[in-house]
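**Student:** One structure coming up, written as structure tokens, with questions to follow.
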There are 4 protein chains.
Amino acid sequence: MSIRIGLIGAGRMGKVFANTLAFTVTEVDLVAVADPSEQALTEVSSRFGIKKAYKDYRELLDSKEVDAVVITTPTGTHAEVIMAAAAASKNIFSEKPISQAVKPCDDAIQAVKQAGVKLQMGFMRRFDPPYTVAKQKILEGAIGTPVMFKAISRDPGCPNLEFAKRVNSGGLVIDMGVHDFDLARWLMGSEITRVYTEGTCLAFPELKGVGDIDNAVINLRFASEAVGNIDTSRNAVYGYDIRTEVLGTSGSLWIGYLQQTPMLILNKQGVTHDVVPFFMERFGIAYAEEVRAFVKSILNNTDPSPTGADARAATVAGIAATLSLDEQRPVLISEIK
Amino acid sequence: MSIRIGLIGAGRMGKVFANTLAFTVTEVDLVAVADPSEQALTEVSSRFGIKKAYKDYRELLDSKEVDAVVITTPTGTHAEVIMAAAAASKNIFSEKPISQAVKPCDDAIQAVKQAGVKLQMGFMRRFDPPYTVAKQKILEGAIGTPVMFKAISRDPGCPNLEFAKRVNSGGLVIDMGVHDFDLARWLMGSEITRVYTEGTCLAFPELKGVGDIDNAVINLRFASEAVGNIDTSRNAVYGYDIRTEVLGTSGSLWIGYLQQTPMLILNKQGVTHDVVPFFMERFGIAYAEEVRAFVKSILNNTDPSPTGADARAATVAGIAATLSLDEQRPVLISEIK
Amino acid sequence: MSIRIGLIGAGRMGKVFANTLAFTVTEVDLVAVADPSEQALTEVSSRFGIKKAYKDYRELLDSKEVDAVVITTPTGTHAEVIMAAAAASKNIFSEKPISQAVKPCDDAIQAVKQAGVKLQMGFMRRFDPPYTVAKQKILEGAIGTPVMFKAISRDPGCPNLEFAKRVNSGGLVIDMGVHDFDLARWLMGSEITRVYTEGTCLAFPELKGVGDIDNAVINLRFASEAVGNIDTSRNAVYGYDIRTEVLGTSGSLWIGYLQQTPMLILNKQGVTHDVVPFFMERFGIAYAEEVRAFVKSILNNTDPSPTGADARAATVAGIAATLSLDEQRPVLISEIK
Amino acid sequence: MSIRIGLIGAGRMGKVFANTLAFTVTEVDLVAVADPSEQALTEVSSRFGIKKAYKDYRELLDSKEVDAVVITTPTGTHAEVIMAAAAASKNIFSEKPISQAVKPCDDAIQAVKQAGVKLQMGFMRRFDPPYTVAKQKILEGAIGTPVMFKAISRDPGCPNLEFAKRVNSGGLVIDMGVHDFDLARWLMGSEITRVYTEGTCLAFPELKGVGDIDNAVINLRFASEAVGNIDTSRNAVYGYDIRTEVLGTSGSLWIGYLQQTPMLILNKQGVTHDVVPFFMERFGIAYAEEVRAFVKSILNNTDPSPTGADARAATVAGIAATLSLDEQRPVLISEIK
């Protein structure tokens, strides 16, 4: 049986998923695409040989020839589209987050539950091979009890100022941190209970004008009493730097890498290697693997993961960490309703 | 325009290429497959949705619906199939080598020339990103004049004894070394002129019984007067170890890596990482890239590379290095006719 | 001219300095030693050929044959001995800190100032070659403006419980963190203004009984508006892990290393290397270099560094970070008087 | 008991040993120095506080106040000085080699034997911690049976032309290779039986004029039937590169490193670290450790190692490898008498 997929959203990430759905994940047929932009629709449907193209995603949801949808619309619309897809009884894979606010998360999760459909959220790092192996090692007890979570999450440059606004990206702490909040909960096997953020804007002063910052360090406390820290930055001019550590009572796991091309040049300046430039070079495989997992959960009728509740928890942590930044005080996760 | 490909050979490497042709290289249609084994034919044609399946590759070559062929038959048959494909006016991509003897190489090259078709040989390492970048760096003068070539080429275990026989694999020096002889010529930009091999059989004494060895070091001399050494082994029990260096007058390039999963485990035993297990994990991308290059050379009507002459040169170096092993003396490449 | 040194304190660190003074720093004569323990006195004076041995350090200070003292007494006595040495007009090198309280720091600094003698504090990391080079690179502008300070400071095991008590070690945050607070101020070229600590006790529950913790993450804010984080742990069972990063607007510097013996073992378990076991293996050279710098400051009559004020600032940061841990709130450095 | 040492030779290496003997190895007294150069004598004796200084080393050997000698004279004189020291019944530590010819090696070894004194040769790499650990690991069976020896031995630049002459340095293969021939025999636990050298002169053509080359690869065969290769170069412009591998039937050991300062700089050019500049930065500790071992062998009256026979064997391998270069054929070690 082949699963018939409709893609909702044909922008940058939409194209990535279209490519994955068309060429990499062989158990699916990419049969429909929806996007308000005529140009994006034409480009994606012709490039990937998609038969049906809709300007209104609701029409795609009405189609009987679509079994499941992949949602790659702008962040602000995820909750609405998820709810509509649930109402149309489609299984749902959605790019993270559900929303940057709590209420839409709750509404979407409720709608999915009522419809009895599957919802998998696109925290692709969980499907990146080293993270997958690390999670397995932790479960096997390779490092004892996890006691500290450490994360580096750095972008190589400043986003455009419109995107940087909190109303769009959620601000640095949410925009960059959401993946780390998810990794933290998943790898530590425990909920975040308190956060404290120190942030600053020293590299790109223009971000101040739109209410954003460019660097932050976020202390974490977990229900297990473990502690943690995430550092995030927009000025890793050397490249895209995503690394994570879990320190346990009997060992530690370090996940991630910097070098893109396995070639060293040795000359009078020393030994030099390059750095991963950006996220597709780093997580390309994971974007395919998460779709494979979604397809498998449909085929085998198992629960998909990460769930809507996982996405909600990462959002709540991000809201709390941003509140901590604003109010210069530790914020309990339980404060965020 | 889409190029219609016929795959000749549906064994282990045939499946790899079928997957690449079906799912990764999007400018081609995999329309036919040939293999004497009914079972292999059925498996490959159904798994990759190939319309035509032939037990005799000559029938595939007769088909007007095939523009080009990919040859992944057993090594001993490459020359014959290349000649037949040339006679049928098909463009040809063939797994390396043309042959482990000189005469069939010459015959195949001649047949391709007369037919005026394209022939690209599957030295996939040339398409592995770090090797590609290294070649470019050398051409740009990043290390000055190349003066030394170094290669490590090690397998993680002993092949089956039947394959190890010289009549099949060519013996360790040819079987493992052929890729390095090709890299040596290509990266150094100069022909190999003399070789000297020291070999031994200490790890898998059973190889002695079939006339093979398990470890060798091969000194090289180039027309440019540069020197080099290849070490090759079947007992790299830690993993698949392929690394290459070009030392020049003003710097050096090191190509390759050992670590498969970007995860470190730190415990009382120290810091440990895993190793690339085998060749598909290491060169998977390169197998797709070489096919892309072949397709591009057809679409753009440019000369494919590496050529039949490149394959012949690597074979000649392997024959010379094996003769050196047998006669315990340096052998000039010009001795091999 | 050779400087005549008196060593005050013949315990573990006293022996390290005795060895350095006797054999490594050739511009000094180690002429006297003081320690209340008869056994320590005898051992050190005979092993390092020191002519005068005193049970009471005040007698050593009375000697006209001592130009300068090196203080390696228990932490709680540093301030008192510094004041006595200043009163005796000796130049002073003292192990850090001056004290774990502010008042004794102020008193000692005042006494040194009044006596017009030199005081250098033993923050040896500033003399470790990679840290020295990093500081130089930052001053040269190699990474632009520093915006984030990151430190890992982990011990391979639990200290004895008596030492772990706050009254002795100051607790984890002060005991382990003091070097990082010093590095933070020095490398960032800016004062710490706010700290927030999350701490826990999960690896060695016995530490709870004496009021200590085993893991902490400490967020930092600097006067320059830069941010930072120090993580510190007692359960780095893999070894002694001291690494530091300064991220700037145009690059980043990473200082430190894990591997002790430059040897890799490759087998079926993967690739493994060992880890620095403890602090003398890591900072042995720095202990000699800081004494050399002290001697040079006397010979050239220049101001020694790090100063008493530096030691006071590190202590104040440690007190603030500990208060933050206790009160679960960010603490301004200016709160600590 | 303190051993009274006389240093014969106050040139570059003489100063290194003088420093070691004066300040690092505490069980000895450096009581005398000999050198034909008045200036060197004065400089060394005053800088290291040596009481007796002789222009003629024979006078030093006559002194009853010297128990043992350290010989750091020019290579061409080692055999003669060793014989004279043996005749004077002094224990002897000599820089390698005994001689670049076989006869003087035999004569010196014979003289030492007749006199019943100790002779330790300065192959300091055997005392470098990673090599020491590697040897131990091999003896413990950590890699099974050694089957391949690999060595990189590269200098960062061209020596002066006078030194490069064969009559002085022995030529590249002997000058650079002698340490590797020694390591090969020691780590593999087997004698070298055959060598084959490919050499060239492409980086520093001026070396041709004095009969030398700048790059060589040397294949090795061992009595155990193991194989090996040494590459040596004078144009490692990136730094001093000494690395060694022993591949065994169940694992591999890699010894050595490139990075001098444990600091990485990350910027738009990528990630860069420096390289060990030259041999004292790499093997400084080993120069002290080998003297400590010599002193210990005297104090405990045990046999020193490496012996004169070890030095002879390394010289013979070097002569054979040079002959192979000249005659372009494999040379049996047994050919060299």
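Naming works like this for the structure tokens: A, B, ... for the chains as they're shown, residue 1 at the start of each chain, ligands 1 onward in shown order.
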Can you pull out every residue within 9 Å of Ile109 of chain C, counting only C-alpha atoms, but drop anything in the same chain fewer than 2 positions away, and send it as an MDAnalysis selection string?
**Tutor:** chainID C and resid 79 82:83 98 104:107 111:114 119 307:309 312
**Student:** Residues of chain A within 6 Å of chain D, counting only C-alpha atoms - could you list those as a PDB file with C-alpha atoms, in the first residue's frame?
**Tutor:**
ATOM      1  CA  VAL A 237      30.320  33.452  11.688  1.00  0.00           C
ATOM      2  CA  TYR A 238      32.368  30.259  11.360  1.00  0.00           C
ATOM      3  CA  LEU A 266      47.980  21.853   6.244  1.00  0.00           C
ATOM      4  CA  ASN A 267      50.157  24.825   5.446  1.00  0.00           C
ATOM      5  CA  LYS A 268      52.116  27.541   7.190  1.00  0.00           C
ATOM      6  CA  GLY A 270      48.420  25.487  10.514  1.00  0.00           C
ATOM      7  CA  VAL A 271      45.791  22.812  10.055  1.00  0.00           C
ATOM      8  CA  THR A 272      42.391  24.013   8.837  1.00  0.00           C
ATOM      9  CA  HIS A 273      39.052  22.420   8.104  1.00  0.00           C
ATOM     10  CA  ASP A 274      35.737  23.875   7.057  1.00  0.00           C
ATOM     11  CA  VAL A 275      32.502  24.021   9.056  1.00  0.00           C
TER      12      VAL A 275
END
**Student:** Applying 9 Å and only C-alpha atoms, which residues near Phe127 of chain A remain after dropping the ones on its own chain fewer than 6 positions away? List them as an NGL selection string.
**Tutor:** :A and (283 or 285-290 or 293)
**Student:** Ranking D:Arg47, D:Arg282, D:Lys296, D:Arg194 by minimum distance to Pro129 of chain D and counting only C-alpha atoms, which one comes first?
**Tutor:**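 Nearest to Pro129 of chain D: D:Arg282.
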**Student:** With only C-alpha atoms as the counted atoms, please give the residues lying no more than 12 Å from Leu202 of chain A, apart from itself and same-chain residues fewer than 6 positions off, as a VMD selection string.
**Tutor:** (chain A and resid 158 208 212 to 216 233 to 235) or (chain C and resid 144 to 148 222 224 to 227 247 to 250)
**Student:** List the spatial neighbours of segment 316-325 of chain C as a PyMOL selection string - criterion: any atom at most 7 Å away, only C-alpha atoms, same-chain residues fewer than 6 positions off excluded.
**Tutor:** chain C and resi 102+173-174+177-178+181+195-199+331+333+336
**Student:** For Tyr57 of chain B, list every protein, DNA or RNA residue within 8 Å, evaluated using only C-alpha atoms, and leave out those in the same chain fewer than 2 positions away; present the list as a VMD selection string.
**Tutor:** chain B and resid 8 34 to 35 54 to 55 59 to 61
**Student:** Store the residues picked out above, limited to C-alpha atoms, as a compact mmCIF listing (two decimals), in the first residue's frame.
**Tutor:**
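Below you can see out-v3.txt, which holds the result:
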# COMPACT_ATOMS: atom_id res chain seq x y z
CA ILE B 8 23.15 -4.92 -16.82
CA ALA B 34 19.34 -7.81 -17.39
CA ASP B 35 20.70 -10.63 -15.27
CA TYR B 54 16.05 -9.78 -19.67
CA LYS B 55 17.97 -12.91 -18.77
CA GLU B 59 18.51 -8.64 -25.68
CA LEU B 60 18.60 -5.54 -23.52
CA LEU B 61 21.23 -4.11 -25.85
**Student:** What's the 12 Å shell around Thr20 of chain C, counting only C-alpha atoms, without same-chain residues fewer than 2 positions away, as a ChimeraX atom specification?
**Tutor:** /C:5,7,13-18,22-30,48,70,284-292 /D:23-24
**Student:** Keeping only N, CA and C atoms, write the selected residues as a CSV table (one decimal), in the first residue's frame.
**Tutor:**
chain,number,residue,atom,x,y,z
C,5,ILE,N,63.8,32.8,48.3
C,5,ILE,CA,62.4,32.5,48.5
C,5,ILE,C,62.2,31.7,49.8
C,7,LEU,N,59.2,29.4,51.5
C,7,LEU,CA,57.9,28.7,51.2
C,7,LEU,C,57.1,28.5,52.4
C,13,MET,N,50.2,21.2,47.7
C,13,MET,CA,50.6,22.2,46.8
C,13,MET,C,52.0,22.8,47.2
C,14,GLY,N,52.3,22.8,48.5
C,14,GLY,CA,53.6,23.2,48.9
C,14,GLY,C,54.7,22.4,48.2
C,15,LYS,N,54.5,21.1,48.1
C,15,LYS,CA,55.5,20.3,47.5
C,15,LYS,C,55.6,20.6,46.0
C,16,VAL,N,54.5,20.8,45.4
C,16,VAL,CA,54.5,21.2,43.9
C,16,VAL,C,55.4,22.5,43.8
C,17,PHE,N,55.1,23.5,44.6
C,17,PHE,CA,55.9,24.7,44.4
C,17,PHE,C,57.3,24.6,44.8
C,18,ALA,N,57.6,23.7,45.8
C,18,ALA,CA,59.0,23.5,46.2
C,18,ALA,C,59.8,22.9,45.1
C,22,ALA,N,62.8,24.8,43.3
C,22,ALA,CA,64.1,24.2,43.5
C,22,ALA,C,64.7,23.8,42.1
C,23,PHE,N,63.9,23.3,41.2
C,23,PHE,CA,64.4,22.7,40.0
C,23,PHE,C,64.0,23.4,38.7
C,24,THR,N,62.9,24.1,38.6
C,24,THR,CA,62.5,24.6,37.3
C,24,THR,C,62.7,26.1,37.1
C,25,VAL,N,62.4,26.9,38.2
C,25,VAL,CA,62.6,28.3,38.0
C,25,VAL,C,64.0,28.7,38.5
C,26,THR,N,65.0,28.9,37.6
C,26,THR,CA,66.4,28.9,37.9
C,26,THR,C,66.8,30.2,38.5
C,27,GLU,N,66.0,31.3,38.5
C,27,GLU,CA,66.4,32.6,39.0
C,27,GLU,C,66.2,32.7,40.5
C,28,VAL,N,65.7,31.7,41.1
C,28,VAL,CA,65.5,31.8,42.6
C,28,VAL,C,66.2,30.8,43.4
C,29,ASP,N,66.5,31.1,44.6
C,29,ASP,CA,67.0,30.1,45.6
C,29,ASP,C,65.9,29.9,46.6
C,30,LEU,N,65.5,28.6,46.8
C,30,LEU,CA,64.5,28.3,47.8
C,30,LEU,C,65.3,28.1,49.1
C,48,PHE,N,64.3,18.8,49.0
C,48,PHE,CA,64.6,19.9,48.0
C,48,PHE,C,65.8,20.7,48.5
C,70,VAL,N,56.3,32.4,49.1
C,70,VAL,CA,55.3,31.7,48.3
C,70,VAL,C,54.3,31.1,49.3
C,284,GLY,N,50.5,21.6,35.0
C,284,GLY,CA,51.8,21.5,35.6
C,284,GLY,C,52.7,22.7,35.1
C,285,ILE,N,52.7,22.9,33.8
C,285,ILE,CA,53.5,23.9,33.2
C,285,ILE,C,53.1,25.3,33.7
C,286,ALA,N,51.8,25.5,33.9
C,286,ALA,CA,51.3,26.8,34.3
C,286,ALA,C,51.8,27.2,35.7
C,287,TYR,N,51.9,26.1,36.6
C,287,TYR,CA,52.4,26.4,37.9
C,287,TYR,C,53.8,26.9,37.9
C,288,ALA,N,54.6,26.4,37.0
C,288,ALA,CA,56.0,27.0,36.9
C,288,ALA,C,56.0,28.3,36.3
C,289,GLU,N,55.1,28.5,35.2
C,289,GLU,CA,55.1,29.8,34.5
C,289,GLU,C,54.7,30.9,35.4
C,290,GLU,N,53.7,30.7,36.3
C,290,GLU,CA,53.2,31.8,37.1
C,290,GLU,C,54.3,32.2,38.1
C,291,VAL,N,55.1,31.2,38.6
C,291,VAL,CA,56.2,31.6,39.5
C,291,VAL,C,57.3,32.4,38.7
C,292,ARG,N,57.5,32.0,37.5
C,292,ARG,CA,58.5,32.7,36.6
C,292,ARG,C,58.0,34.2,36.5
D,23,PHE,N,69.0,20.9,35.7
D,23,PHE,CA,67.8,21.3,36.3
D,23,PHE,C,66.7,20.2,36.4
D,24,THR,N,66.7,19.3,35.5
D,24,THR,CA,65.6,18.4,35.5
D,24,THR,C,65.8,17.0,36.1
**Student:** Hey, what does DSSP flag as strand (DSSP E) within segment 177-297 of chain B? Can you give it to me as an MDAnalysis selection string?
**Tutor:** chainID B and resid 192:200 215:222 227:233 241:248 251:256 263:267 270:273
**Student:** As JSON, numbers by chain, please: all residues of segment 72-295 of chain A that backbone DSSP puts in helix (DSSP H, G or I).
**Tutor:** {"A": [75, 76, 77, 78, 79, 80, 81, 82, 83, 84, 85, 86, 87, 102, 103, 104, 105, 106, 107, 108, 109, 110, 111, 112, 113, 114, 115, 124, 125, 126, 127, 129, 130, 131, 132, 133, 134, 135, 136, 137, 138, 139, 161, 162, 163, 164, 166, 167, 168, 169, 172, 173, 174, 175, 176, 177, 178, 179, 180, 181, 182, 183, 184, 185, 186, 187, 188, 206, 207, 208, 209, 279, 280, 281, 282, 283, 284, 285, 286, 287, 288, 289, 290, 291, 292, 293, 294, 295]}
**Student:** For Arg154 of chain A, which of C:Ser252, C:Thr75, C:Asn19, C:Gly122 is the closest residue, counting only C-alpha atoms?
**Tutor:**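 Once distances to Arg154 of chain A are computed over only C-alpha atoms, the minimum belongs to C:Ser252.
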**Student:** Atom CA of Glu95 of chain C to atom CA of Glu80 of chain C: how many Å, to one decimal?
**Tutor:**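 So the two atoms, atom CA of Glu95 of chain C and atom CA of Glu80 of chain C, lie 12.9 Å apart.
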